[in-house]
Structures are given as C-alpha cells and as structure tokens.
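**Q** Dropping in upload-v2.pdb, which is PDB, C-alpha atoms:
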```pdb
ATOM      1  CA  MET A   1     153.773  30.721  19.221
ATOM      2  CA  ARG A   2     157.212  30.349  20.726
ATOM      3  CA  GLY A   3     157.326  32.348  23.941
ATOM      4  CA  LEU A   4     156.671  35.971  23.068
ATOM      5  CA  ARG A   5     158.115  35.509  19.580
ATOM      6  CA  ARG A   6     155.548  34.775  16.880
ATOM      7  CA  ASP A   7     156.298  32.221  14.187
ATOM      8  CA  PRO A   8     156.031  34.191  10.921
ATOM      9  CA  LEU A   9     155.002  31.051   9.035
ATOM     10  CA  GLU A  10     152.245  29.836  11.345
ATOM     11  CA  GLU A  11     149.509  30.471   8.724
ATOM     12  CA  PRO A  12     151.271  29.494   5.489
ATOM     13  CA  GLU A  13     148.300  29.064   3.120
ATOM     14  CA  ALA A  14     147.273  32.722   3.073
ATOM     15  CA  LEU A  15     150.903  33.843   2.980
ATOM     16  CA  ILE A  16     151.713  31.575   0.039
ATOM     17  CA  GLU A  17     148.763  32.967  -1.928
ATOM     18  CA  ARG A  18     149.803  36.576  -1.315
ATOM     19  CA  VAL A  19     153.471  35.975  -2.083
ATOM     20  CA  TYR A  20     152.570  34.091  -5.256
ATOM     21  CA  ALA A  21     150.212  36.922  -6.308
ATOM     22  CA  TYR A  22     153.021  39.451  -5.844
ATOM     23  CA  VAL A  23     155.562  37.329  -7.727
ATOM     24  CA  ALA A  24     153.080  36.546 -10.527
ATOM     25  CA  TYR A  25     152.353  40.251 -10.858
ATOM     26  CA  ARG A  26     156.077  40.941 -11.254
ATOM     27  CA  ILE A  27     157.177  38.048 -13.522
ATOM     28  CA  GLY A  28     154.016  36.334 -14.786
ATOM     29  CA  GLN A  29     152.062  33.294 -13.699
ATOM     30  CA  GLY A  30     153.240  29.739 -14.040
ATOM     31  CA  PRO A  31     156.245  27.615 -13.194
ATOM     32  CA  ASP A  32     158.678  30.536 -12.840
ATOM     33  CA  ALA A  33     156.413  32.290 -10.330
ATOM     34  CA  GLU A  34     155.948  29.003  -8.483
ATOM     35  CA  ASP A  35     159.729  28.508  -8.349
ATOM     36  CA  VAL A  36     160.355  32.014  -7.008
ATOM     37  CA  THR A  37     157.552  31.585  -4.462
ATOM     38  CA  GLY A  38     159.063  28.262  -3.409
ATOM     39  CA  GLU A  39     162.516  29.814  -3.067
ATOM     40  CA  THR A  40     160.988  32.643  -1.006
ATOM     41  CA  PHE A  41     159.515  30.170   1.465
ATOM     42  CA  ALA A  42     162.646  28.020   1.507
ATOM     43  CA  ARG A  43     164.624  31.089   2.585
ATOM     44  CA  ALA A  44     161.906  32.067   5.054
ATOM     45  CA  VAL A  45     162.088  28.648   6.716
ATOM     46  CA  ARG A  46     165.881  28.782   6.755
ATOM     47  CA  TYR A  47     165.953  32.275   8.272
ATOM     48  CA  ARG A  48     162.705  32.291  10.267
ATOM     49  CA  ASP A  49     164.631  33.100  13.440
ATOM     50  CA  SER A  50     165.673  36.417  11.885
ATOM     51  CA  TYR A  51     162.034  37.574  11.654
ATOM     52  CA  ASP A  52     161.463  40.586  13.883
ATOM     53  CA  ALA A  53     157.766  41.281  14.566
ATOM     54  CA  SER A  54     158.610  44.825  15.645
ATOM     55  CA  LYS A  55     159.611  45.607  12.051
ATOM     56  CA  GLY A  56     156.329  44.485  10.504
ATOM     57  CA  ALA A  57     153.895  41.705   9.749
ATOM     58  CA  PRO A  58     155.055  38.351   8.400
ATOM     59  CA  ILE A  59     153.754  39.187   4.908
ATOM     60  CA  THR A  60     155.932  42.297   4.830
ATOM     61  CA  TRP A  61     158.987  40.222   5.737
ATOM     62  CA  LEU A  62     158.096  37.607   3.103
ATOM     63  CA  ILE A  63     157.562  40.200   0.367
ATOM     64  CA  GLY A  64     161.047  41.526   1.114
ATOM     65  CA  ILE A  65     162.442  38.036   0.586
ATOM     66  CA  ALA A  66     160.355  37.659  -2.587
ATOM     67  CA  GLN A  67     161.677  40.974  -3.914
ATOM     68  CA  ARG A  68     165.230  39.726  -3.503
ATOM     69  CA  CYS A  69     164.390  36.384  -5.136
ATOM     70  CA  VAL A  70     162.791  38.129  -8.141
ATOM     71  CA  SER A  71     165.724  40.501  -8.434
ATOM     72  CA  GLU A  72     168.275  37.674  -8.250
ATOM     73  CA  SER A  73     166.391  35.521 -10.756
ATOM     74  CA  TYR A  74     165.292  38.171 -13.244
ATOM     75  CA  GLY A  75     167.383  41.272 -12.662
ATOM     76  CA  ARG A  76     165.097  44.257 -12.815
ATOM     77  CA  PRO A  77     161.575  43.056 -11.981
ATOM     78  CA  ARG A  78     159.172  43.268 -14.905
ATOM     79  CA  VAL A  79     155.428  43.541 -15.117
ATOM     80  CA  ALA A  80     153.785  40.147 -15.392
ATOM     81  CA  ASP A  81     153.057  38.757 -18.832
ATOM     82  CA  GLN A  82     149.840  37.430 -17.405
ATOM     83  CA  PRO A  83     148.104  38.848 -14.320
ATOM     84  CA  PRO A  84     146.820  36.491 -11.607
ATOM     85  CA  ASP A  85     143.549  34.703 -12.277
ATOM     86  CA  ARG A  86     140.335  36.456 -11.318
ATOM     87  CA  ALA A  87     136.708  35.433 -11.219
ATOM     88  CA  ALA A  88     135.289  34.734 -14.668
ATOM     89  CA  PRO A  89     133.900  37.995 -16.102
ATOM     90  CA  GLU A  90     130.700  38.326 -18.113
ATOM     91  CA  SER A  91     132.715  39.354 -21.147
ATOM     92  CA  MET A  92     136.054  37.584 -21.405
ATOM     93  CA  GLU A  93     137.048  39.660 -24.423
ATOM     94  CA  ALA A  94     136.432  42.973 -22.633
ATOM     95  CA  ASP A  95     138.282  41.731 -19.553
ATOM     96  CA  ALA A  96     141.262  40.584 -21.631
ATOM     97  CA  LEU A  97     141.410  43.921 -23.431
ATOM     98  CA  GLU A  98     141.242  45.799 -20.136
ATOM     99  CA  ARG A  99     144.036  43.699 -18.614
ATOM    100  CA  LEU A 100     146.249  44.223 -21.667
ATOM    101  CA  THR A 101     145.612  47.957 -21.584
ATOM    102  CA  VAL A 102     146.348  48.245 -17.865
ATOM    103  CA  ARG A 103     149.418  45.994 -18.127
ATOM    104  CA  THR A 104     150.785  48.121 -20.970
ATOM    105  CA  ALA A 105     150.193  51.306 -18.978
ATOM    106  CA  VAL A 106     151.788  49.869 -15.817
ATOM    107  CA  ALA A 107     154.840  48.844 -17.862
ATOM    108  CA  GLN A 108     155.293  52.517 -18.810
ATOM    109  CA  LEU A 109     155.477  53.644 -15.185
ATOM    110  CA  GLY A 110     158.802  54.211 -13.472
ATOM    111  CA  ASP A 111     160.384  51.475 -11.360
ATOM    112  CA  ARG A 112     159.174  52.885  -8.027
ATOM    113  CA  ASP A 113     155.601  53.344  -9.254
ATOM    114  CA  ARG A 114     155.529  49.786 -10.658
ATOM    115  CA  GLU A 115     156.863  48.420  -7.366
ATOM    116  CA  LEU A 116     154.298  50.374  -5.333
ATOM    117  CA  ILE A 117     151.470  49.141  -7.568
ATOM    118  CA  ALA A 118     152.781  45.560  -7.289
ATOM    119  CA  LEU A 119     153.011  45.747  -3.503
ATOM    120  CA  ARG A 120     149.565  47.320  -3.130
ATOM    121  CA  TYR A 121     147.597  45.354  -5.722
ATOM    122  CA  GLY A 122     149.777  42.306  -6.441
ATOM    123  CA  ALA A 123     150.709  41.464  -2.846
ATOM    124  CA  ASP A 124     147.624  43.196  -1.415
ATOM    125  CA  LEU A 125     149.705  44.952   1.227
ATOM    126  CA  SER A 126     148.222  47.851   3.146
ATOM    127  CA  THR A 127     149.922  51.221   2.908
ATOM    128  CA  ARG A 128     151.174  50.664   6.476
ATOM    129  CA  GLN A 129     152.758  47.360   5.458
ATOM    130  CA  ILE A 130     154.325  48.939   2.365
ATOM    131  CA  ALA A 131     155.705  51.740   4.538
ATOM    132  CA  GLU A 132     157.225  49.157   6.897
ATOM    133  CA  ARG A 133     158.716  47.279   3.948
ATOM    134  CA  MET A 134     160.166  50.444   2.407
ATOM    135  CA  GLU A 135     161.211  51.868   5.788
ATOM    136  CA  THR A 136     159.275  55.093   5.397
ATOM    137  CA  ASN A 137     156.105  56.564   6.849
ATOM    138  CA  THR A 138     152.568  55.675   5.852
ATOM    139  CA  ASN A 139     151.763  59.196   4.689
ATOM    140  CA  ALA A 140     154.647  59.107   2.195
ATOM    141  CA  ILE A 141     153.337  55.827   0.783
ATOM    142  CA  ASP A 142     149.773  57.172   0.572
ATOM    143  CA  VAL A 143     151.037  60.165  -1.399
ATOM    144  CA  ALA A 144     153.304  58.047  -3.617
ATOM    145  CA  LEU A 145     150.469  55.599  -4.372
ATOM    146  CA  HIS A 146     148.101  58.468  -5.111
ATOM    147  CA  ARG A 147     150.619  59.908  -7.571
ATOM    148  CA  ALA A 148     151.340  56.505  -9.130
ATOM    149  CA  ARG A 149     147.602  55.931  -9.677
ATOM    150  CA  ALA A 150     147.282  59.436 -11.140
ATOM    151  CA  ARG A 151     150.126  58.714 -13.591
ATOM    152  CA  LEU A 152     148.466  55.406 -14.436
ATOM    153  CA  ARG A 153     145.119  57.136 -15.046
ATOM    154  CA  GLU A 154     146.895  59.634 -17.277
ATOM    155  CA  LEU A 155     148.510  56.844 -19.286
ATOM    156  CA  LEU A 156     145.137  55.115 -19.581
ATOM    157  CA  GLY A 157     143.455  58.366 -20.507
ATOM    158  CA  ASP A 158     140.533  57.587 -18.186
ATOM    159  CA  ASP A 159     139.849  58.946 -14.707
ATOM    160  CA  ASP A 160     137.725  55.889 -13.886
ATOM    161  CA  ALA A 161     140.295  53.330 -15.084
ATOM    162  CA  VAL A 162     142.049  53.020 -11.739
ATOM    163  CA  ALA A 163     139.128  52.906  -9.339
ATOM    164  CA  SER A 164     140.970  51.794  -6.223
TER     165      SER A 164
END
```
Translate the structure of the given file into structure tokens.
**A**
Amino acid sequence: MRGLRRDPLEEPEALIERVYAYVAYRIGQGPDAEDVTGETFARAVRYRDSYDASKGAPITWLIGIAQRCVSESYGRPRVADQPPDRAAPESMEADALERLTVRTAVAQLGDRDRELIALRYGADLSTRQIAERMETNTNAIDVALHRARARLRELLGDDDAVAS
C-alpha cells in the first residue's frame, strides 16, 4: 500500500484471471483474448495513479478498461465463440451441447443484457461491483439481471436452464 491509497494491481494473479474470463466471454478464448487482457493491464499499469478506490474495487476499474479495449479492438462486443474452460464434465457431449445452446440464446439477447450477463458470469462481478461500474444502484442491477435471466430462460425454453 502507498499511504492511504491502495495499489489496484497488488494482487495481479486473481485480477488477470477475472479480466481474461470477462474478455474470453466477450470475444472468445485464445490469443485475441490474451492480447486484449494484456492491453488492459498495460493501460492499468500506465494509469494506475488514476485509480480511485472510492469509485469501486480494482476489478471494477479493470473491467472498465477491458470494456474499452474490447470495444476498440472489435467494435461492438460479441459473445465468445468458445466459453472459458471449466472442469471436465461426466458427459462432454452433453456439456458441449448445453454450452452451444446457452451461447446461442445469449447471442439473441440485447446489448445491455449480454453485457450484464458477461459482467456477472464472465467477470464474476457482484451486483454491487456491476452497479459501481455502470454508475447506478445495486437494486437496479439486481432487477436488470433478474430480467436478463428471465429473457434467457425464455429463449432457452427451460425455467431450470439459468440456475444462478
């Protein structure tokens, strides 16, 4: 820590994983996601003195930088071609089919709903952190996420498809 000001990059490993997960959710895994993640952290190092802890957690600040990097590199962010790796399932075929189905449904959501889903499940931000990032209140984000999940369930045609 520097005085009362916290270094937003003091625990980089966990931050890198979360930023990469968000970017991979938006543009797909692989070299492009690694490049955007790298650019995000290059900017963060360059502008670390602009971090203001009163406006949110370091991950919230970093996701804002990542959003700009994705937007600059790819225009309108798109749903990932390949979601981040998960633990090996019992049935790889069933898991692959489920991911394709969910990815197709998410792609049909509006821009705001896709962004909310990416921030919540790609970047694993809390609703409070999303609210800080979007400069709104937590209740508004809770409601918006609830509605986005409801639209996603409707597209999937299954009330159990979006469990969390």
**Q** Within 12 Å of (161.4, 48.5, 1.4) (file coordinates; only C-alpha atoms), which protein or nucleic acid residues are there? I'd like them as an MDAnalysis selection string.
**A** chainID A and resid 55:56 60:68 112 115:116 119 127:137 141
**Q** Quick one: pull the distance between CA of Arg114 in chain A and CA of Ile59 in chain A, Å, one decimal.
**A** 18.9 Å
**Q** Just to confirm, what's the straight-line distance from CA of Glu39 in chain A to CA of Gly122 in chain A in Å (one decimal)?
**A**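 Separation between CA of Glu39 in chain A and CA of Gly122 in chain A: 18.2 Å.
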**Q** What does the structure give for the distance between CA of Leu152 in chain A and CA of Thr37 in chain A, in Å to one decimal?
**A**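 Between CA of Leu152 in chain A and CA of Thr37 in chain A the gap works out to 27.4 Å.
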**Q** Expand the PyMOL selection byres ((chain A and resi 73) around 12) into the explicit residue set it covers here, and present it as a list of chain:residue names.
**A**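 Answer for the PyMOL selection byres ((chain A and resi 73) around 12): A:Val23, A:Arg26, A:Ile27, A:Asp32, A:Ala33, A:Asp35, A:Val36, A:Thr37, A:Glu39, A:Thr40, A:Ala66, A:Gln67, A:Arg68, A:Cys69, A:Val70, A:Ser71, A:Glu72, A:Tyr74, A:Gly75, A:Arg76, A:Pro77, A:Arg78.
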**Q** For Tyr121 in chain A, which residue out of A:Pro12, A:Pro31, A:Leu145, A:Ala105 is the nearest one, using only C-alpha atoms?
**A**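 Closest to Tyr121 in chain A, using only C-alpha atoms: A:Leu145.
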**Q** Where atoms are missing, can you supply N, CA, C and O atoms for range 62-74 of chain A and output the lot as a short mmCIF file (atom, residue, chain, number, x, y, z; two decimals), keeping the file's coordinate frame?
**A**
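Dumped everything to result.cif:
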```
data_model
loop_
_atom_site.label_atom_id
_atom_site.label_comp_id
_atom_site.auth_asym_id
_atom_site.auth_seq_id
_atom_site.Cartn_x
_atom_site.Cartn_y
_atom_site.Cartn_z
N LEU A 62 158.07 38.54 4.24
CA LEU A 62 158.10 37.61 3.10
C LEU A 62 158.19 38.33 1.76
O LEU A 62 158.90 37.87 0.85
N ILE A 63 157.49 39.45 1.62
CA ILE A 63 157.56 40.20 0.37
C ILE A 63 158.98 40.73 0.16
O ILE A 63 159.48 40.76 -0.96
N GLY A 64 159.64 41.11 1.23
CA GLY A 64 161.05 41.53 1.11
C GLY A 64 161.92 40.40 0.58
O GLY A 64 162.77 40.61 -0.29
N ILE A 65 161.70 39.20 1.08
CA ILE A 65 162.44 38.04 0.59
C ILE A 65 162.08 37.79 -0.87
O ILE A 65 162.97 37.54 -1.71
N ALA A 66 160.79 37.87 -1.21
CA ALA A 66 160.35 37.66 -2.59
C ALA A 66 160.97 38.69 -3.53
O ALA A 66 161.37 38.35 -4.65
N GLN A 67 161.05 39.94 -3.08
CA GLN A 67 161.68 40.97 -3.91
C GLN A 67 163.11 40.60 -4.25
O GLN A 67 163.55 40.74 -5.40
N ARG A 68 163.85 40.13 -3.26
CA ARG A 68 165.23 39.73 -3.50
C ARG A 68 165.30 38.53 -4.44
O ARG A 68 166.15 38.48 -5.33
N CYS A 69 164.40 37.57 -4.26
CA CYS A 69 164.39 36.38 -5.14
C CYS A 69 164.09 36.77 -6.59
O CYS A 69 164.73 36.28 -7.51
N VAL A 70 163.12 37.66 -6.79
CA VAL A 70 162.79 38.13 -8.14
C VAL A 70 163.98 38.85 -8.73
O VAL A 70 164.38 38.60 -9.88
N SER A 71 164.58 39.73 -7.96
CA SER A 71 165.72 40.50 -8.43
C SER A 71 166.90 39.59 -8.81
O SER A 71 167.53 39.78 -9.84
N GLU A 72 167.18 38.60 -7.97
CA GLU A 72 168.28 37.67 -8.25
C GLU A 72 167.99 36.81 -9.47
O GLU A 72 168.89 36.48 -10.23
N SER A 73 166.74 36.41 -9.65
CA SER A 73 166.39 35.52 -10.76
C SER A 73 166.18 36.25 -12.08
O SER A 73 166.43 35.69 -13.14
N TYR A 74 165.70 37.49 -12.02
CA TYR A 74 165.29 38.17 -13.24
C TYR A 74 165.90 39.54 -13.41
O TYR A 74 165.49 40.29 -14.30
#
```
